[in-house]
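Student: coords.cif (mmCIF, C-alpha atoms) pasted underneath:
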data_work
loop_
_atom_site.group_PDB
_atom_site.id
_atom_site.type_symbol
_atom_site.label_atom_id
_atom_site.label_comp_id
_atom_site.auth_asym_id
_atom_site.auth_seq_id
_atom_site.Cartn_x
_atom_site.Cartn_y
_atom_site.Cartn_z
ATOM 1 C CA MET A 168 6.453 -39.146 -19.965
ATOM 2 C CA LYS A 169 8.185 -35.966 -18.878
ATOM 3 C CA THR A 170 5.946 -33.216 -17.596
ATOM 4 C CA PRO A 171 6.878 -29.705 -18.662
ATOM 5 C CA ASP A 172 8.629 -27.463 -16.189
ATOM 6 C CA PRO A 173 6.514 -24.292 -16.497
ATOM 7 C CA GLU A 174 9.202 -21.960 -15.121
ATOM 8 C CA LYS A 175 11.836 -23.372 -17.444
ATOM 9 C CA VAL A 176 9.544 -23.065 -20.457
ATOM 10 C CA THR A 177 8.676 -19.464 -19.516
ATOM 11 C CA ALA A 178 12.383 -18.620 -19.213
ATOM 12 C CA GLN A 179 13.066 -20.218 -22.613
ATOM 13 C CA MET A 180 10.224 -18.188 -24.113
ATOM 14 C CA GLU A 181 11.740 -14.984 -22.744
ATOM 15 C CA ASP A 182 15.162 -15.925 -24.128
ATOM 16 C CA THR A 183 13.661 -16.681 -27.533
ATOM 17 C CA LEU A 184 11.870 -13.352 -27.589
ATOM 18 C CA GLU A 185 15.063 -11.452 -26.788
ATOM 19 C CA GLU A 186 16.985 -13.484 -29.353
ATOM 20 C CA ILE A 187 14.510 -12.834 -32.160
ATOM 21 C CA GLN A 188 14.219 -9.136 -31.325
ATOM 22 C CA ALA A 189 17.994 -8.833 -31.660
ATOM 23 C CA PHE A 190 18.154 -10.154 -35.233
ATOM 24 C CA THR A 191 18.572 -7.688 -38.091
ATOM 25 C CA VAL A 192 17.047 -8.250 -41.514
ATOM 26 C CA GLU A 193 20.487 -9.432 -42.679
ATOM 27 C CA GLN A 194 20.226 -12.204 -40.082
ATOM 28 C CA LYS A 195 16.737 -13.194 -41.196
ATOM 29 C CA ASN A 196 17.652 -16.828 -41.874
ATOM 30 C CA ASP A 197 19.032 -17.177 -38.345
ATOM 31 C CA ALA A 198 15.935 -15.494 -36.954
ATOM 32 C CA MET A 199 13.654 -17.852 -38.858
ATOM 33 C CA ARG A 200 15.601 -20.890 -37.647
ATOM 34 C CA ALA A 201 15.414 -19.701 -34.038
ATOM 35 C CA ALA A 202 11.700 -18.945 -34.345
ATOM 36 C CA ARG A 203 10.907 -22.302 -35.994
ATOM 37 C CA HIS A 204 12.858 -24.174 -33.327
ATOM 38 C CA ALA A 205 11.050 -22.251 -30.583
ATOM 39 C CA LEU A 206 7.634 -22.883 -32.162
ATOM 40 C CA ASP A 207 8.325 -26.606 -32.513
ATOM 41 C CA ASP A 208 9.473 -26.752 -28.897
ATOM 42 C CA LEU A 209 6.364 -24.854 -27.817
ATOM 43 C CA ASP A 210 4.192 -27.402 -29.645
ATOM 44 C CA ARG A 211 5.930 -30.235 -27.784
ATOM 45 C CA GLN A 212 5.372 -28.473 -24.457
ATOM 46 C CA ILE A 213 1.685 -27.887 -25.248
ATOM 47 C CA THR A 214 1.290 -31.592 -26.070
ATOM 48 C CA LEU A 215 3.009 -32.590 -22.809
ATOM 49 C CA LEU A 216 0.866 -30.188 -20.845
ATOM 50 C CA GLN A 217 -2.325 -31.487 -22.485
ATOM 51 C CA SER A 218 -1.334 -35.034 -21.471
ATOM 52 C CA GLU A 219 -0.633 -33.914 -17.932
ATOM 53 C CA ILE A 220 -4.011 -32.165 -17.684
ATOM 54 C CA ASP A 221 -5.742 -35.230 -19.125
ATOM 55 C CA SER A 222 -4.043 -37.500 -16.583
ATOM 56 C CA ARG A 223 -5.119 -35.248 -13.686
ATOM 57 C CA TRP A 224 -8.601 -34.629 -15.110
ATOM 58 C CA GLN A 225 -10.470 -36.843 -12.614
ATOM 59 C CA GLY A 226 -8.900 -34.993 -9.687
ATOM 60 C CA LEU A 227 -9.891 -31.538 -10.913
ATOM 61 C CA SER A 228 -12.990 -29.701 -9.786
ATOM 62 C CA GLN A 229 -15.588 -28.768 -12.382
ATOM 63 C CA GLN A 230 -14.405 -25.148 -12.241
ATOM 64 C CA ALA A 231 -10.770 -26.160 -12.639
ATOM 65 C CA ARG A 232 -11.693 -28.276 -15.671
ATOM 66 C CA LEU A 233 -13.491 -25.343 -17.267
ATOM 67 C CA ASP A 234 -10.564 -23.041 -16.484
ATOM 68 C CA LYS A 235 -8.024 -25.462 -17.971
ATOM 69 C CA GLN A 236 -10.139 -26.081 -21.078
ATOM 70 C CA SER A 237 -10.617 -22.384 -21.629
ATOM 71 C CA ALA A 238 -6.937 -21.593 -21.020
ATOM 72 C CA MET A 239 -5.827 -24.381 -23.372
ATOM 73 C CA ALA A 240 -8.222 -23.160 -26.089
ATOM 74 C CA THR A 241 -6.830 -19.624 -25.728
ATOM 75 C CA LEU A 242 -3.251 -20.918 -25.874
ATOM 76 C CA LYS A 243 -3.959 -22.922 -29.045
ATOM 77 C CA GLU A 244 -5.681 -19.956 -30.704
ATOM 78 C CA GLN A 245 -2.731 -17.711 -29.911
ATOM 79 C CA ARG A 246 -0.334 -20.392 -31.116
ATOM 80 C CA ALA A 247 -2.180 -20.476 -34.469
ATOM 81 C CA GLU A 248 -2.036 -16.659 -34.648
ATOM 82 C CA LEU A 249 1.689 -16.840 -33.910
ATOM 83 C CA GLU A 250 2.148 -19.180 -36.879
ATOM 84 C CA SER A 251 0.679 -16.553 -39.223
ATOM 85 C CA ARG A 252 2.975 -13.928 -37.684
ATOM 86 C CA TYR A 253 5.853 -16.327 -38.291
ATOM 87 C CA GLN A 254 4.837 -16.509 -41.975
ATOM 88 C CA ALA A 255 4.740 -12.704 -42.116
ATOM 89 C CA LEU A 256 8.199 -12.568 -40.553
ATOM 90 C CA GLN A 257 9.422 -15.015 -43.188
ATOM 91 C CA GLN A 258 8.050 -12.829 -45.993
ATOM 92 C CA ALA A 259 9.239 -9.566 -44.475
ATOM 93 C CA SER A 260 11.642 -7.373 -46.439
ATOM 94 C CA ALA A 261 14.057 -4.771 -45.157
ATOM 95 C CA ASP A 262 11.199 -2.230 -45.252
ATOM 96 C CA ASN A 263 8.908 -4.066 -42.862
ATOM 97 C CA TRP A 264 11.281 -6.361 -40.974
ATOM 98 C CA GLU A 265 11.141 -4.364 -37.733
ATOM 99 C CA ALA A 266 7.333 -4.156 -37.840
ATOM 100 C CA ALA A 267 7.043 -7.889 -38.526
ATOM 101 C CA LYS A 268 9.396 -8.591 -35.609
ATOM 102 C CA VAL A 269 7.253 -6.445 -33.309
ATOM 103 C CA LYS A 270 4.105 -8.307 -34.375
ATOM 104 C CA PHE A 271 5.777 -11.667 -33.889
ATOM 105 C CA SER A 272 7.074 -10.555 -30.478
ATOM 106 C CA ARG A 273 3.614 -9.426 -29.379
ATOM 107 C CA GLY A 274 2.173 -12.751 -30.461
ATOM 108 C CA TRP A 275 4.927 -14.593 -28.642
ATOM 109 C CA TYR A 276 4.302 -12.544 -25.495
ATOM 110 C CA ALA A 277 0.564 -13.369 -25.654
ATOM 111 C CA VAL A 278 1.394 -17.070 -25.919
ATOM 112 C CA LYS A 279 3.732 -16.749 -22.938
ATOM 113 C CA GLN A 280 0.961 -15.123 -20.868
ATOM 114 C CA SER A 281 -1.457 -17.911 -21.803
ATOM 115 C CA TRP A 282 1.164 -20.529 -20.989
ATOM 116 C CA GLN A 283 1.587 -19.032 -17.521
ATOM 117 C CA ALA A 284 -2.188 -18.848 -16.994
ATOM 118 C CA LEU A 285 -2.562 -22.481 -18.016
ATOM 119 C CA ASN A 286 0.142 -23.504 -15.564
ATOM 120 C CA ALA A 287 -1.336 -21.596 -12.652
ATOM 121 C CA PRO A 288 -2.142 -23.936 -9.779
ATOM 122 C CA VAL A 289 -5.739 -25.119 -9.550
ATOM 123 C CA ALA A 290 -7.848 -26.259 -6.658
ATOM 124 C CA GLU A 291 -8.196 -30.015 -6.609
ATOM 125 C CA SER A 292 -11.710 -31.350 -6.303
ATOM 126 C CA THR A 293 -12.492 -32.208 -2.684
ATOM 127 C CA GLU A 294 -16.282 -32.438 -2.642
ATOM 128 C CA ASN A 295 -17.828 -35.770 -3.635
ATOM 129 C CA PRO A 296 -14.763 -37.848 -4.485
ATOM 130 C CA GLU A 297 -17.180 -40.450 -5.980
ATOM 131 C CA GLY A 298 -18.095 -37.864 -8.600
ATOM 132 C CA ASN A 299 -21.814 -37.600 -7.769
#
Spit out the file's structure as structure tokens when you get a sec.

Tutor:
Amino acid sequence: MKTPDPEKVTAQMEDTLEEIQAFTVEQKNDAMRAARHALDDLDRQITLLQSEIDSRWQGLSQQARLDKQSAMATLKEQRAELESRYQALQQASADNWEAAKVKFSRGWYAVKQSWQALNAPVAESTENPEGN
């Protein structure tokens, strides 16, 4: 299984954000396609990352485990919030398109921050390798 490349994913997230911010209400269908594609890709990356964390679980210190669990929970919460902002973007009209884009962008930025936090290096467990 391929492990996600955190830097590459972060760069893609930044590109997506710029791309979506550039769309006008007339280009809404394109914006929605780009956003859906990005969200689906994000979900794949989250799944890959979860697998990677699970596979390294035994080697992580108790603190690192708590940090990863907490960071993953935050990321998933923000991902769910982003889905509702996606729905709002989909329903936006010319009147509130810009506002909906801003909200979606803020949500996307929050997810990006959480992604980076989750990918921050952690201290491997060194004390008691037997797990006592």

Student: For CA of Ser251 (chain A) and CA of Arg232 (chain A), quote the distance in Å rounded to one decimal.

Tutor: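 Computing it gives 29.1 Å between the two atoms.
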
Student: Would you list the contacts of Met199 (chain A) as number ranges by chain, taking every protein, DNA or RNA residue within 12 Å and counting all atoms listed in the file, but skipping same-chain residues closer than 2 positions in sequence?

Tutor: A: 183, 186-188, 190-197, 201-206, 250, 252-259, 264, 267-268, 271

Student: Separation of CA of Ser272 (chain A) and CA of Asp234 (chain A), in Å?

Tutor: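 One can read the CA of Ser272 (chain A) to CA of Asp234 (chain A) distance as 25.7 Å.
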
Student: What does the distance from CA of Lys279 (chain A) to CA of Leu216 (chain A) come to in Å, to one decimal?

Tutor: 13.9 Å

Student: Between A:Gln212, A:Ala261, A:Ser237, A:Trp224, which one has atoms that come closest to Pro173 (chain A), using all atoms listed in the file?

Tutor: A:Gln212

Student: For this file, the PyMOL selection byres ((chain A and resi 214) around 12) selects which residues, as a PyMOL selection string?

Tutor: chain A and resi 168-171+207-213+215-221+239+242-243

Student: Write out as a compact mmCIF listing (two decimals) with C-alpha atoms, in the coordinates of the input each polymer residue whose atoms come within 7 Å of Val278 (chain A), counting only C-alpha atoms; drop sequence neighbours fewer than 3 positions from it.

Tutor:
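Heads up, here's the output in selection_14.txt:
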# COMPACT_ATOMS: atom_id res chain seq x y z
CA LEU A 242 -3.25 -20.92 -25.87
CA GLN A 245 -2.73 -17.71 -29.91
CA ARG A 246 -0.33 -20.39 -31.12
CA GLY A 274 2.17 -12.75 -30.46
CA TRP A 275 4.93 -14.59 -28.64
CA SER A 281 -1.46 -17.91 -21.80
CA TRP A 282 1.16 -20.53 -20.99
